[in-house]
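Text of final-v4.txt, listed as compact mmCIF, C-alpha atoms and all ligand atoms:
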# COMPACT_ATOMS: atom_id res chain seq x y z
CA MET A 298 131.29 70.19 97.85
CA THR A 299 134.57 68.87 99.17
CA ALA A 300 134.91 68.16 102.87
CA GLY A 301 137.02 70.73 104.63
CA ALA A 302 136.36 73.62 102.26
CA ILE A 303 133.73 75.96 103.67
CA THR A 304 131.62 77.27 100.84
CA ALA A 305 128.43 79.23 100.91
CA GLY A 306 125.26 77.18 101.39
CA ALA A 307 122.65 76.83 98.68
CA GLY A 308 120.27 79.55 99.94
CA PHE A 309 116.55 79.26 100.65
CA PRO A 310 114.30 77.79 99.53
CA LEU A 311 116.74 74.93 99.10
CA PRO A 312 116.82 73.86 95.45
CA PRO A 313 116.39 70.20 94.50
CA ASN A 314 119.50 68.13 95.17
CA ALA A 315 120.64 70.39 97.98
CA THR A 316 122.03 68.58 101.00
CA ILE A 317 120.42 68.63 104.43
CA GLY A 318 122.69 67.86 107.37
CA LEU A 319 121.09 65.92 110.20
CA VAL A 320 122.80 65.57 113.55
CA GLY A 321 121.96 62.14 114.95
CA GLY A 322 121.71 58.75 113.30
CA GLY A 323 118.55 57.24 114.82
CA GLN A 324 115.14 56.38 113.42
CA LEU A 325 113.98 60.01 113.45
CA GLY A 326 116.88 60.85 111.14
CA ARG A 327 116.09 57.82 109.00
CA MET A 328 112.46 58.80 108.49
CA SER A 329 113.46 62.45 107.95
CA ALA A 330 115.97 61.36 105.29
CA LEU A 331 113.32 59.26 103.54
CA ALA A 332 110.95 62.26 103.50
CA ALA A 333 113.77 64.50 102.24
CA ALA A 334 114.56 62.06 99.43
CA ARG A 335 110.96 62.23 98.24
CA LEU A 336 111.32 66.01 97.99
CA GLY A 337 114.50 65.63 95.94
CA TYR A 338 117.00 66.42 98.69
CA ARG A 339 119.99 64.47 99.93
CA CYS A 340 120.75 63.98 103.60
CA HIS A 341 124.15 63.86 105.24
CA ILE A 342 124.19 62.38 108.73
CA LEU A 343 126.49 63.18 111.65
CA THR A 344 126.53 60.05 113.79
CA ARG A 345 128.76 58.01 116.08
CA GLU A 346 127.65 54.71 114.56
CA ALA A 347 128.69 53.63 111.05
CA ASP A 348 125.62 51.49 110.45
CA SER A 349 123.09 53.74 112.16
CA PRO A 350 119.43 53.72 111.01
CA ALA A 351 119.74 57.15 109.34
CA ALA A 352 123.15 56.47 107.76
CA GLN A 353 121.71 53.39 106.04
CA VAL A 354 119.39 55.57 103.93
CA ALA A 355 121.51 58.73 103.58
CA ALA A 356 123.66 60.08 100.77
CA GLY A 357 126.55 60.90 103.08
CA VAL A 358 127.81 60.28 106.61
CA THR A 359 130.32 61.97 108.91
CA LEU A 360 131.33 59.51 111.60
CA SER A 361 132.20 61.27 114.81
CA ASP A 362 130.98 62.10 118.25
CA TYR A 363 129.01 65.35 118.55
CA ALA A 364 131.83 67.43 120.01
CA ASP A 365 134.93 67.05 117.80
CA PRO A 366 135.47 70.45 116.11
CA ALA A 367 137.23 69.05 113.03
CA SER A 368 134.39 66.60 112.36
CA LEU A 369 131.74 69.26 112.97
CA ARG A 370 133.53 71.50 110.45
CA ALA A 371 133.73 68.74 107.85
CA PHE A 372 130.05 67.97 108.39
CA ALA A 373 129.04 71.63 107.98
CA ALA A 374 131.12 71.93 104.81
CA ALA A 375 129.21 69.03 103.26
CA VAL A 376 125.72 70.43 103.78
CA ASP A 377 123.48 73.44 103.02
CA VAL A 378 121.40 73.54 106.21
CA ILE A 379 121.66 71.70 109.51
CA SER A 380 118.96 70.16 111.69
CA PHE A 381 118.85 67.72 114.59
CA GLU A 382 117.22 64.48 115.55
CA PHE A 383 119.48 64.22 118.58
CA GLU A 384 119.43 67.15 120.95
CA ASN A 385 122.33 66.57 123.30
CA VAL A 386 125.02 68.36 121.36
CA SER A 387 127.30 70.55 123.47
CA ALA A 388 126.71 74.30 123.47
CA ALA A 389 130.17 74.81 121.96
CA GLY A 390 129.41 72.30 119.20
CA LEU A 391 126.17 74.11 118.42
CA GLU A 392 127.90 77.50 118.25
CA LEU A 393 130.47 76.08 115.86
CA LEU A 394 127.83 74.59 113.54
CA ALA A 395 125.71 77.74 113.64
CA ALA A 396 128.71 79.87 112.64
CA LEU A 397 129.17 77.78 109.52
CA ARG A 398 125.67 76.98 108.26
CA PRO A 399 122.06 77.89 108.99
CA VAL A 400 120.88 75.70 111.88
CA ARG A 401 117.14 75.03 112.03
CA PRO A 402 115.64 75.09 114.59
CA ALA A 403 118.03 77.72 115.98
CA PRO A 404 120.55 76.72 118.68
CA ALA A 405 118.65 78.86 121.22
CA VAL A 406 115.65 76.55 120.78
CA LEU A 407 117.77 73.48 121.37
CA ARG A 408 119.33 74.99 124.45
CA ILE A 409 115.92 75.53 126.01
CA SER A 410 114.75 72.01 125.26
CA GLN A 411 118.02 70.46 126.49
CA ASP A 412 117.41 71.59 130.04
CA ARG A 413 114.18 70.91 131.93
CA VAL A 414 114.63 73.99 134.15
CA ALA A 415 115.21 76.33 131.19
CA GLU A 416 112.28 74.67 129.42
CA LYS A 417 109.80 75.06 132.29
CA ARG A 418 110.94 78.63 132.97
CA PHE A 419 110.48 79.49 129.30
CA LEU A 420 107.02 77.90 129.17
CA ASN A 421 105.78 79.61 132.33
CA GLN A 422 107.12 82.96 131.12
CA ALA A 423 105.18 82.44 127.90
CA GLY A 424 102.03 81.96 130.02
CA ILE A 425 101.90 78.17 129.50
CA ALA A 426 100.92 75.98 132.45
CA THR A 427 103.13 73.14 133.72
CA ALA A 428 103.16 71.08 136.90
CA PRO A 429 104.67 73.10 139.78
CA TRP A 430 108.45 72.71 139.76
CA GLU A 431 111.63 73.79 141.48
CA ALA A 432 115.30 73.42 140.63
CA VAL A 433 117.11 71.30 143.21
CA ASP A 434 120.82 71.22 143.97
CA SER A 435 121.08 69.73 147.47
CA LEU A 436 119.23 67.31 149.73
CA GLU A 437 118.18 70.23 151.96
CA GLY A 438 116.92 72.02 148.87
CA LEU A 439 114.98 68.91 147.90
CA HIS A 440 113.29 68.74 151.31
CA ALA A 441 112.36 72.42 151.06
CA ALA A 442 111.04 72.01 147.50
CA ALA A 443 109.03 68.92 148.50
CA ALA A 444 107.51 70.87 151.40
CA ARG A 445 106.33 73.55 148.95
CA ILE A 446 105.30 71.33 146.02
CA GLY A 447 103.96 68.38 148.03
CA LEU A 448 104.42 64.63 147.69
CA PRO A 449 104.22 62.41 145.74
CA ALA A 450 106.43 64.23 143.25
CA VAL A 451 108.76 63.40 140.38
CA LEU A 452 112.48 64.13 140.69
CA LYS A 453 114.26 64.32 137.32
CA THR A 454 117.71 65.09 136.02
CA THR A 455 117.50 68.40 134.18
CA ARG A 456 119.44 67.06 131.18
CA TYR A 457 119.85 63.86 129.17
CA GLY A 458 116.69 62.18 130.49
CA TYR A 459 114.57 60.29 127.98
CA ASP A 460 112.07 57.43 127.98
CA GLY A 461 111.59 57.85 131.73
CA LYS A 462 115.33 57.47 132.46
CA GLY A 463 116.81 59.81 135.03
CA GLN A 464 113.65 59.90 137.19
CA ALA A 465 112.69 59.01 140.74
CA ARG A 466 109.25 59.20 142.31
CA PRO A 467 109.45 60.02 146.02
CA ARG A 468 106.10 59.35 147.71
CA ARG A 469 106.95 60.27 151.31
CA SER A 470 109.62 62.52 152.82
CA GLU A 471 111.50 59.36 153.92
CA ASP A 472 112.02 58.61 150.18
CA LEU A 473 113.76 61.89 149.40
CA ALA A 474 117.29 60.92 150.45
CA ALA A 475 117.28 57.77 148.32
CA ALA A 476 115.79 59.62 145.34
CA PHE A 477 118.42 62.32 145.64
CA ALA A 478 121.25 59.79 146.00
CA ALA A 479 120.04 57.89 142.90
CA LEU A 480 120.16 60.97 140.64
CA ALA A 481 122.69 63.45 142.13
CA PRO A 482 125.25 64.90 141.48
CA LYS A 483 123.48 65.87 138.27
CA PRO A 484 121.40 69.08 138.39
CA LEU A 485 117.84 68.11 139.31
CA ILE A 486 114.29 69.39 139.11
CA LEU A 487 111.39 68.42 141.37
CA GLU A 488 107.99 68.43 139.70
CA GLY A 489 104.60 68.01 141.31
CA PHE A 490 103.06 64.64 140.47
CA VAL A 491 100.21 65.10 138.00
CA ASP A 492 97.40 62.61 138.53
CA PHE A 493 96.61 62.76 134.85
CA ALA A 494 93.51 61.43 133.09
CA CYS A 495 95.60 60.94 129.96
CA GLU A 496 98.74 62.06 128.18
CA VAL A 497 98.44 63.85 124.85
CA SER A 498 100.80 65.47 122.39
CA VAL A 499 100.66 67.80 119.43
CA ILE A 500 103.17 68.04 116.60
CA VAL A 501 103.32 71.57 115.26
CA ALA A 502 105.35 72.88 112.33
CA ARG A 503 106.43 76.44 111.72
CA GLY A 504 107.90 77.63 108.44
CA ALA A 505 110.63 80.17 107.87
CA ASP A 506 107.85 82.61 106.84
CA GLY A 507 106.13 82.19 110.22
CA ALA A 508 103.27 79.99 108.94
CA VAL A 509 102.16 77.53 111.63
CA VAL A 510 100.31 74.24 111.14
CA ALA A 511 99.44 71.72 113.86
CA PHE A 512 98.46 68.06 113.55
CA ASP A 513 95.48 66.87 115.54
CA THR A 514 95.96 66.20 119.24
CA VAL A 515 96.82 62.56 119.89
CA GLU A 516 96.73 60.37 122.98
CA ASN A 517 99.84 58.56 124.19
CA ARG A 518 100.18 55.51 126.42
CA HIS A 519 103.53 54.60 127.93
CA ARG A 520 104.82 51.27 129.16
CA ASP A 521 107.88 51.17 131.45
CA GLY A 522 108.43 54.86 130.68
CA ILE A 523 108.56 54.22 126.91
CA LEU A 524 105.88 55.27 124.45
CA ASP A 525 103.84 52.17 123.62
CA LEU A 526 100.73 53.37 121.80
CA THR A 527 99.53 56.55 120.10
CA LEU A 528 95.86 57.03 119.21
CA ALA A 529 94.97 59.64 116.61
CA PRO A 530 92.87 61.56 117.39
CA ALA A 531 92.99 61.68 121.19
CA ARG A 532 89.76 60.60 122.85
CA VAL A 533 89.32 63.84 124.74
CA PRO A 534 86.62 66.54 124.55
CA ASP A 535 87.01 68.87 121.55
CA SER A 536 87.75 71.77 123.89
CA VAL A 537 90.71 69.87 125.41
CA ALA A 538 92.05 68.85 121.98
CA ALA A 539 91.80 72.46 120.81
CA ALA A 540 93.47 73.77 123.98
CA ALA A 541 96.40 71.39 123.42
CA GLN A 542 96.78 72.54 119.81
CA ASP A 543 96.64 76.18 120.87
CA ILE A 544 99.41 75.55 123.41
CA ALA A 545 101.59 73.88 120.78
CA ARG A 546 101.11 76.77 118.37
CA LYS A 547 101.88 79.26 121.11
CA VAL A 548 105.10 77.41 122.03
CA ALA A 549 106.22 77.31 118.38
CA VAL A 550 105.67 81.05 117.98
CA ALA A 551 107.26 81.93 121.34
CA LEU A 552 110.35 79.92 120.35
CA ASP A 553 110.48 81.51 116.89
CA LEU A 554 110.73 77.91 115.72
CA VAL A 555 111.62 76.85 112.19
CA GLY A 556 110.95 73.12 111.92
CA VAL A 557 108.66 70.79 113.82
CA LEU A 558 108.12 70.63 117.53
CA ALA A 559 106.44 68.01 119.69
CA VAL A 560 104.68 69.21 122.81
CA GLU A 561 103.90 66.47 125.34
CA MET A 562 101.11 67.33 127.75
CA PHE A 563 99.09 65.94 130.63
CA VAL A 564 95.32 66.30 130.77
CA ASP A 565 94.44 66.37 134.45
CA ARG A 566 91.21 65.13 136.02
CA ASP A 567 89.67 68.61 135.66
CA GLY A 568 90.45 68.73 131.93
CA ARG A 569 93.31 71.19 132.37
CA VAL A 570 96.22 70.81 129.97
CA LEU A 571 99.75 71.03 131.45
CA VAL A 572 102.90 70.82 129.37
CA ASN A 573 105.34 68.08 130.41
CA GLU A 574 108.07 68.63 127.85
CA ILE A 575 108.86 69.87 124.39
CA ALA A 576 111.10 68.37 121.71
CA PRO A 577 112.07 70.61 118.77
CA ARG A 578 112.18 67.76 116.23
CA PRO A 579 109.99 65.02 114.80
CA HIS A 580 108.68 62.81 117.61
CA ASN A 581 107.64 59.21 118.20
CA SER A 582 104.07 60.33 118.88
CA GLY A 583 103.93 61.70 115.31
CA HIS A 584 104.92 58.53 113.47
CA TRP A 585 101.26 57.84 112.63
CA THR A 586 101.35 60.88 110.32
CA ILE A 587 103.45 58.95 107.78
CA ASP A 588 100.50 56.72 106.97
CA ALA A 589 97.46 58.78 107.99
CA CYS A 590 98.33 62.20 106.52
CA PRO A 591 99.09 63.52 103.04
CA ALA A 592 102.24 65.17 104.46
CA SER A 593 103.88 63.57 107.51
CA GLN A 594 105.66 65.26 110.40
CA PHE A 595 108.92 64.37 108.65
CA GLU A 596 107.88 66.05 105.41
CA LEU A 597 106.74 69.13 107.32
CA HIS A 598 110.07 69.24 109.13
CA ILE A 599 112.06 68.99 105.91
CA ARG A 600 109.84 71.56 104.20
CA ALA A 601 110.21 73.99 107.10
CA ILE A 602 113.99 73.76 107.34
CA ALA A 603 114.34 73.89 103.54
CA GLY A 604 112.23 77.06 103.36
CA LEU A 605 109.47 75.39 101.34
CA PRO A 606 105.79 76.22 101.85
CA LEU A 607 103.98 74.16 104.51
CA PRO A 608 100.94 72.15 103.42
CA PRO A 609 98.06 71.74 105.88
CA ALA A 610 98.71 69.21 108.65
CA SER A 611 95.58 67.36 107.63
CA ARG A 612 94.63 63.78 108.38
CA HIS A 613 92.76 61.50 105.98
CA ALA A 614 92.33 58.65 108.49
CA ASP A 615 92.21 57.87 112.18
CA ALA A 616 95.18 55.82 113.31
CA ALA A 617 96.76 53.74 116.05
CA MET A 618 100.54 53.46 116.18
CA GLN A 619 102.34 50.90 118.30
CA ASN A 620 106.06 50.73 118.91
CA LEU A 621 108.01 47.50 118.50
CA VAL A 622 110.35 47.67 121.48
CA GLY A 623 113.30 45.45 122.35
CA PRO A 624 113.72 41.76 121.52
CA GLU A 625 109.99 41.07 122.17
CA GLY A 626 109.00 43.79 119.71
CA LEU A 627 111.35 42.46 117.07
CA ALA A 628 110.05 38.92 117.62
CA ARG A 629 106.63 40.14 116.46
CA TRP A 630 107.94 41.26 113.09
CA PRO A 631 107.00 38.13 111.08
CA ALA A 632 103.46 38.22 112.49
CA VAL A 633 103.23 41.96 111.73
CA LEU A 634 104.24 41.32 108.13
CA ALA A 635 101.67 38.56 107.77
CA ALA A 636 98.80 40.63 109.20
CA PRO A 637 96.61 42.44 106.72
CA GLY A 638 96.00 46.05 107.73
CA LEU A 639 99.20 46.65 109.68
CA ILE A 640 101.62 49.07 108.06
CA PRO A 641 105.12 47.96 109.09
CA HIS A 642 108.15 50.17 109.75
CA LEU A 643 111.53 48.74 110.78
CA TYR A 644 114.52 50.93 111.63
CA GLY A 645 117.44 48.72 110.56
CA LYS A 646 118.95 48.33 114.04
CA THR A 647 121.08 45.22 114.38
CA GLU A 648 121.02 45.00 118.20
CA ALA A 649 117.63 44.52 119.88
CA SER A 650 118.49 45.42 123.45
CA PRO A 651 115.67 45.71 126.02
CA GLY A 652 113.81 49.02 125.75
CA ARG A 653 115.28 49.88 122.35
CA LYS A 654 112.80 51.08 119.73
CA MET A 655 113.22 48.68 116.80
CA GLY A 656 110.25 49.72 114.64
CA HIS A 657 106.58 50.52 114.77
CA VAL A 658 103.31 49.59 113.14
CA THR A 659 100.40 51.79 112.17
CA THR A 660 96.85 50.73 111.53
CA LEU A 661 94.33 53.04 109.91
CA PHE A 662 90.60 53.50 110.41
CA PRO A 663 88.19 55.65 108.42
CA ARG A 664 88.19 59.24 109.69
CA GLY A 665 85.94 59.37 112.71
CA GLY A 666 86.08 55.58 113.02
CA LEU A 667 88.74 55.04 115.69
CA PRO A 668 87.26 52.11 117.63
CA GLY A 669 87.23 51.63 121.40
CA GLU A 670 89.93 49.87 123.41
CA PHE A 671 89.00 46.36 122.27
CA GLY A 672 88.76 47.38 118.64
CA VAL A 673 92.18 49.02 118.72
CA ALA A 674 93.67 45.98 120.49
CA ALA A 675 92.11 43.64 117.93
CA ALA A 676 93.38 45.71 114.99
CA LEU A 677 96.90 45.78 116.40
CA GLY A 678 96.67 42.11 117.49
CA PRO A 679 99.96 40.69 116.17
CA ALA A 680 101.86 43.82 117.20
CA ARG A 681 100.84 43.69 120.83
CA GLY A 682 102.91 42.25 123.64
P1 LIG A 701 109.49 62.49 130.78
O1 LIG A 701 110.86 61.88 130.81
O2 LIG A 701 109.41 63.82 131.44
O3 LIG A 701 108.88 62.48 129.40
O4 LIG A 701 108.57 61.51 131.63
C1 LIG A 701 108.25 60.20 131.19
C2 LIG A 701 106.88 59.81 131.68
O5 LIG A 701 106.83 59.86 133.11
C3 LIG A 701 105.76 60.75 131.23
O6 LIG A 701 105.31 60.43 129.95
C4 LIG A 701 104.72 60.50 132.30
O7 LIG A 701 104.03 59.29 132.05
C5 LIG A 701 105.55 60.34 133.54
N1 LIG A 701 105.72 61.65 134.22
C6 LIG A 701 106.71 62.55 134.00
N2 LIG A 701 106.55 63.65 134.75
C7 LIG A 701 105.44 63.45 135.48
C8 LIG A 701 104.73 64.24 136.45
N3 LIG A 701 105.16 65.46 136.83
N4 LIG A 701 103.59 63.72 136.98
C9 LIG A 701 103.14 62.49 136.60
N5 LIG A 701 103.77 61.70 135.71
C10 LIG A 701 104.90 62.17 135.14
Output the structure of this file as structure tokens.
Ligand code: AMP
Amino acid sequence: MTAGAITAGAGFPLPPNATIGLVGGGQLGRMSALAAARLGYRCHILTREADSPAAQVAAGVTLSDYADPASLRAFAAAVDVISFEFENVSAAGLELLAALRPVRPAPAVLRISQDRVAEKRFLNQAGIATAPWEAVDSLEGLHAAAARIGLPAVLKTTRYGYDGKGQARPRRSEDLAAAFAALAPKPLILEGFVDFACEVSVIVARGADGAVVAFDTVENRHRDGILDLTLAPARVPDSVAAAAQDIARKVAVALDLVGVLAVEMFVDRDGRVLVNEIAPRPHNSGHWTIDACPASQFELHIRAIAGLPLPPASRHADAAMQNLVGPEGLARWPAVLAAPGLIPHLYGKTEASPGRKMGHVTTLFPRGGLPGEFGVAAALGPARG
């Protein structure tokens, strides 16, 4: 296909050699493109950065920001279906893409996940529990919301927050003015603070035919607001793991999702599962599936958006995944490579700024054999900071 000419897409299921357009050039796009290549597809990346992790392994690249109509048109003309690894595309940009090519998941799904208020409203309407929350647009409104929800609480920007950015944690009413000043004038949401026992997530995939498969519930540990460690499976009672999977399936169906979706949840001290946020794309807490599952989250995503059948989201091993973050993470790379039993993944980023995800490692255990804390730490030894 020549750029500029809008021709009909290839139709579903996508035949071999069809081109999948991915918006976003990061590591999620890179690993999606690698999975797509194994299924005989090409990927074309829309990214701002020439040498982005996804562009390095893709068949084609459109270099542009995510709003320029001419670039979006050229990108759409070069591909058969469009998906996202980066969610913050403008509503107008999404409309334009969706008018030209099938967009999976649908723009309506992205719009919900782009905005924490829309997301929480949607979840609660679908009967899914979250922390108590209120939209906040003034300091007076914040005081009123805090009086209803209680303190401590978590104040977040409704959009563009990730890895704990765009958050403040007022503990007392004297903290509210500073928290508001730090985050306003952006639209905000106040959430009740969940004194969680652990954080878990489920990656669920839904095909174009409505088939739904969910990976096992995993446990996530964060450091400085960034995912540090994922343990598969989560060390929670079976009933909690099953409840988390049920929630993820329910969200996927309620959204009419085509693709994969990550649902991040808190397990509170009473064993109740509350959804924190959803991401309609492959997710960092699913990277372990590359090495521990016959078909990874990335393969399931590509299969779903290509209209292929979904295999079971089964797991042949237990796993621990640790991120390599920032310059310290990158400094561990030689030791990671030298360690038997660590499966290394590097994303091809040339700048290791603090907090940036540079790669990850996975270590596998026989199914049912995930060791305790010390065993996991020992197995990940060279990858740990
Ligand atoms: P988020 O940006 O919403 O993913 O939040 C990043 C991290 O902050 C989460 O993984 C939690 O560890 C913590 N966090 C977010 N919201 C809450 C909350 N309502 N209560 C307690 N901890 C939270």
Per-residue nearest contacts chain A to ligand LIG 701 (chain A), cut-off 9 Å, using only C-alpha atoms and all ligand atoms, as a Markdown table:
| residue | atom | partner | partner_atom | distance |
| --- | --- | --- | --- | --- |
| A:Arg413 | CA | A:LIG701 | O2 | 8.6 |
| A:Thr427 | CA | A:LIG701 | N3 | 8.5 |
| A:Ala428 | CA | A:LIG701 | N3 | 6.0 |
| A:Pro429 | CA | A:LIG701 | N3 | 8.2 |
| A:Trp430 | CA | A:LIG701 | N3 | 8.5 |
| A:Pro449 | CA | A:LIG701 | N4 | 8.9 |
| A:Ala450 | CA | A:LIG701 | N3 | 6.7 |
| A:Val451 | CA | A:LIG701 | N3 | 5.5 |
| A:Leu452 | CA | A:LIG701 | N3 | 8.4 |
| A:Lys453 | CA | A:LIG701 | O2 | 7.6 |
| A:Gly458 | CA | A:LIG701 | O1 | 5.8 |
| A:Tyr459 | CA | A:LIG701 | O1 | 4.9 |
| A:Asp460 | CA | A:LIG701 | O1 | 5.4 |
| A:Gly461 | CA | A:LIG701 | C1 | 4.1 |
| A:Lys462 | CA | A:LIG701 | O1 | 6.5 |
| A:Gly463 | CA | A:LIG701 | O1 | 7.6 |
| A:Gln464 | CA | A:LIG701 | O1 | 7.2 |
| A:Arg466 | CA | A:LIG701 | C10 | 8.9 |
| A:Leu487 | CA | A:LIG701 | N3 | 8.3 |
| A:Glu488 | CA | A:LIG701 | N3 | 5.0 |
| A:Gly489 | CA | A:LIG701 | N3 | 5.2 |
| A:Phe490 | CA | A:LIG701 | N4 | 3.6 |
| A:Val491 | CA | A:LIG701 | N4 | 3.8 |
| A:Asp492 | CA | A:LIG701 | C9 | 6.1 |
| A:Phe493 | CA | A:LIG701 | C9 | 6.8 |
| A:Cys495 | CA | A:LIG701 | O7 | 8.8 |
| A:Glu496 | CA | A:LIG701 | O6 | 7.0 |
| A:Asn517 | CA | A:LIG701 | O6 | 8.2 |
| A:Arg518 | CA | A:LIG701 | O7 | 7.8 |
| A:His519 | CA | A:LIG701 | O7 | 6.3 |
| A:Arg520 | CA | A:LIG701 | O7 | 8.6 |
| A:Asp521 | CA | A:LIG701 | C2 | 8.7 |
| A:Gly522 | CA | A:LIG701 | C2 | 5.3 |
| A:Ile523 | CA | A:LIG701 | C1 | 7.4 |
| A:Leu524 | CA | A:LIG701 | O6 | 7.6 |
| A:Glu561 | CA | A:LIG701 | O3 | 7.6 |
| A:Met562 | CA | A:LIG701 | O6 | 8.4 |
| A:Phe563 | CA | A:LIG701 | C9 | 8.0 |
| A:Asn573 | CA | A:LIG701 | O2 | 6.0 |
| A:Glu574 | CA | A:LIG701 | O2 | 6.1 |
| A:Ile575 | CA | A:LIG701 | O3 | 8.9 |
Write to file, as an mmCIF file, keeping the file's coordinate frame, the residues of the selection just made, with C-alpha atoms.
data_model
loop_
_atom_site.group_PDB
_atom_site.id
_atom_site.type_symbol
_atom_site.label_atom_id
_atom_site.label_comp_id
_atom_site.auth_asym_id
_atom_site.auth_seq_id
_atom_site.Cartn_x
_atom_site.Cartn_y
_atom_site.Cartn_z
ATOM 1 C CA ARG A 413 114.180 70.910 131.930
ATOM 2 C CA THR A 427 103.130 73.140 133.720
ATOM 3 C CA ALA A 428 103.160 71.080 136.900
ATOM 4 C CA PRO A 429 104.670 73.100 139.780
ATOM 5 C CA TRP A 430 108.450 72.710 139.760
ATOM 6 C CA PRO A 449 104.220 62.410 145.740
ATOM 7 C CA ALA A 450 106.430 64.230 143.250
ATOM 8 C CA VAL A 451 108.760 63.400 140.380
ATOM 9 C CA LEU A 452 112.480 64.130 140.690
ATOM 10 C CA LYS A 453 114.260 64.320 137.320
ATOM 11 C CA GLY A 458 116.690 62.180 130.490
ATOM 12 C CA TYR A 459 114.570 60.290 127.980
ATOM 13 C CA ASP A 460 112.070 57.430 127.980
ATOM 14 C CA GLY A 461 111.590 57.850 131.730
ATOM 15 C CA LYS A 462 115.330 57.470 132.460
ATOM 16 C CA GLY A 463 116.810 59.810 135.030
ATOM 17 C CA GLN A 464 113.650 59.900 137.190
ATOM 18 C CA ARG A 466 109.250 59.200 142.310
ATOM 19 C CA LEU A 487 111.390 68.420 141.370
ATOM 20 C CA GLU A 488 107.990 68.430 139.700
ATOM 21 C CA GLY A 489 104.600 68.010 141.310
ATOM 22 C CA PHE A 490 103.060 64.640 140.470
ATOM 23 C CA VAL A 491 100.210 65.100 138.000
ATOM 24 C CA ASP A 492 97.400 62.610 138.530
ATOM 25 C CA PHE A 493 96.610 62.760 134.850
ATOM 26 C CA CYS A 495 95.600 60.940 129.960
ATOM 27 C CA GLU A 496 98.740 62.060 128.180
ATOM 28 C CA ASN A 517 99.840 58.560 124.190
ATOM 29 C CA ARG A 518 100.180 55.510 126.420
ATOM 30 C CA HIS A 519 103.530 54.600 127.930
ATOM 31 C CA ARG A 520 104.820 51.270 129.160
ATOM 32 C CA ASP A 521 107.880 51.170 131.450
ATOM 33 C CA GLY A 522 108.430 54.860 130.680
ATOM 34 C CA ILE A 523 108.560 54.220 126.910
ATOM 35 C CA LEU A 524 105.880 55.270 124.450
ATOM 36 C CA GLU A 561 103.900 66.470 125.340
ATOM 37 C CA MET A 562 101.110 67.330 127.750
ATOM 38 C CA PHE A 563 99.090 65.940 130.630
ATOM 39 C CA ASN A 573 105.340 68.080 130.410
ATOM 40 C CA GLU A 574 108.070 68.630 127.850
ATOM 41 C CA ILE A 575 108.860 69.870 124.390
#
Inset, instruction - Tell me, as a PyMOL selection string, which residues lie within 9 Å of stretch 666-678 of chain A, counting all atoms listed in the file; anything in the same chain fewer than 5 positions away does not count. - result: chain A and resi 528-530+614-619+633+636+638-639+658-661
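You will find atom CA of A:Gly323 at 10.1 Å from atom CA of A:Gln353.
For the choices A:Gln422, A:Ser435, A:Ser380, A:Thr527, the atom-to-atom distance to A:Val497 is smallest for A:Thr527 when using only C-alpha atoms.
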Inset, instruction - Place a sphere of radius 10 Å on (96.8, 64.3, 116.0) in the file coordinates and name every protein, DNA or RNA residue with an atom inside or on its surface, counting only C-alpha atoms; give the answer as a ChimeraX atom specification. - result: /A:497-501,511-516,527-531,538,542,582-583,585-586,589-590,610-612,615-616
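Nearest-residue note for A:Arg335: choosing from A:Arg653, A:His580, A:Phe595, A:Tyr644, the minimum distance belongs to A:Phe595, counting only C-alpha atoms.
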Legend entry - Nearest to A:Pro577, chosen from A:Ala403, A:Ala475, A:Ala330, A:Leu360, with only C-alpha atoms counted in the distances: A:Ala403
Inset, instruction - Please provide the set of residues having any atom within 6 Å of A:Val358, restricted to only C-alpha atoms, with same-chain residues fewer than 2 positions apart removed, written as a ChimeraX atom specification. - result: /A:341-343
Inset, instruction - Please measure the separation of atom CA of A:Leu643 and atom CA of A:Ser349, giving the value in Å to one decimal. - result: 12.7 Å
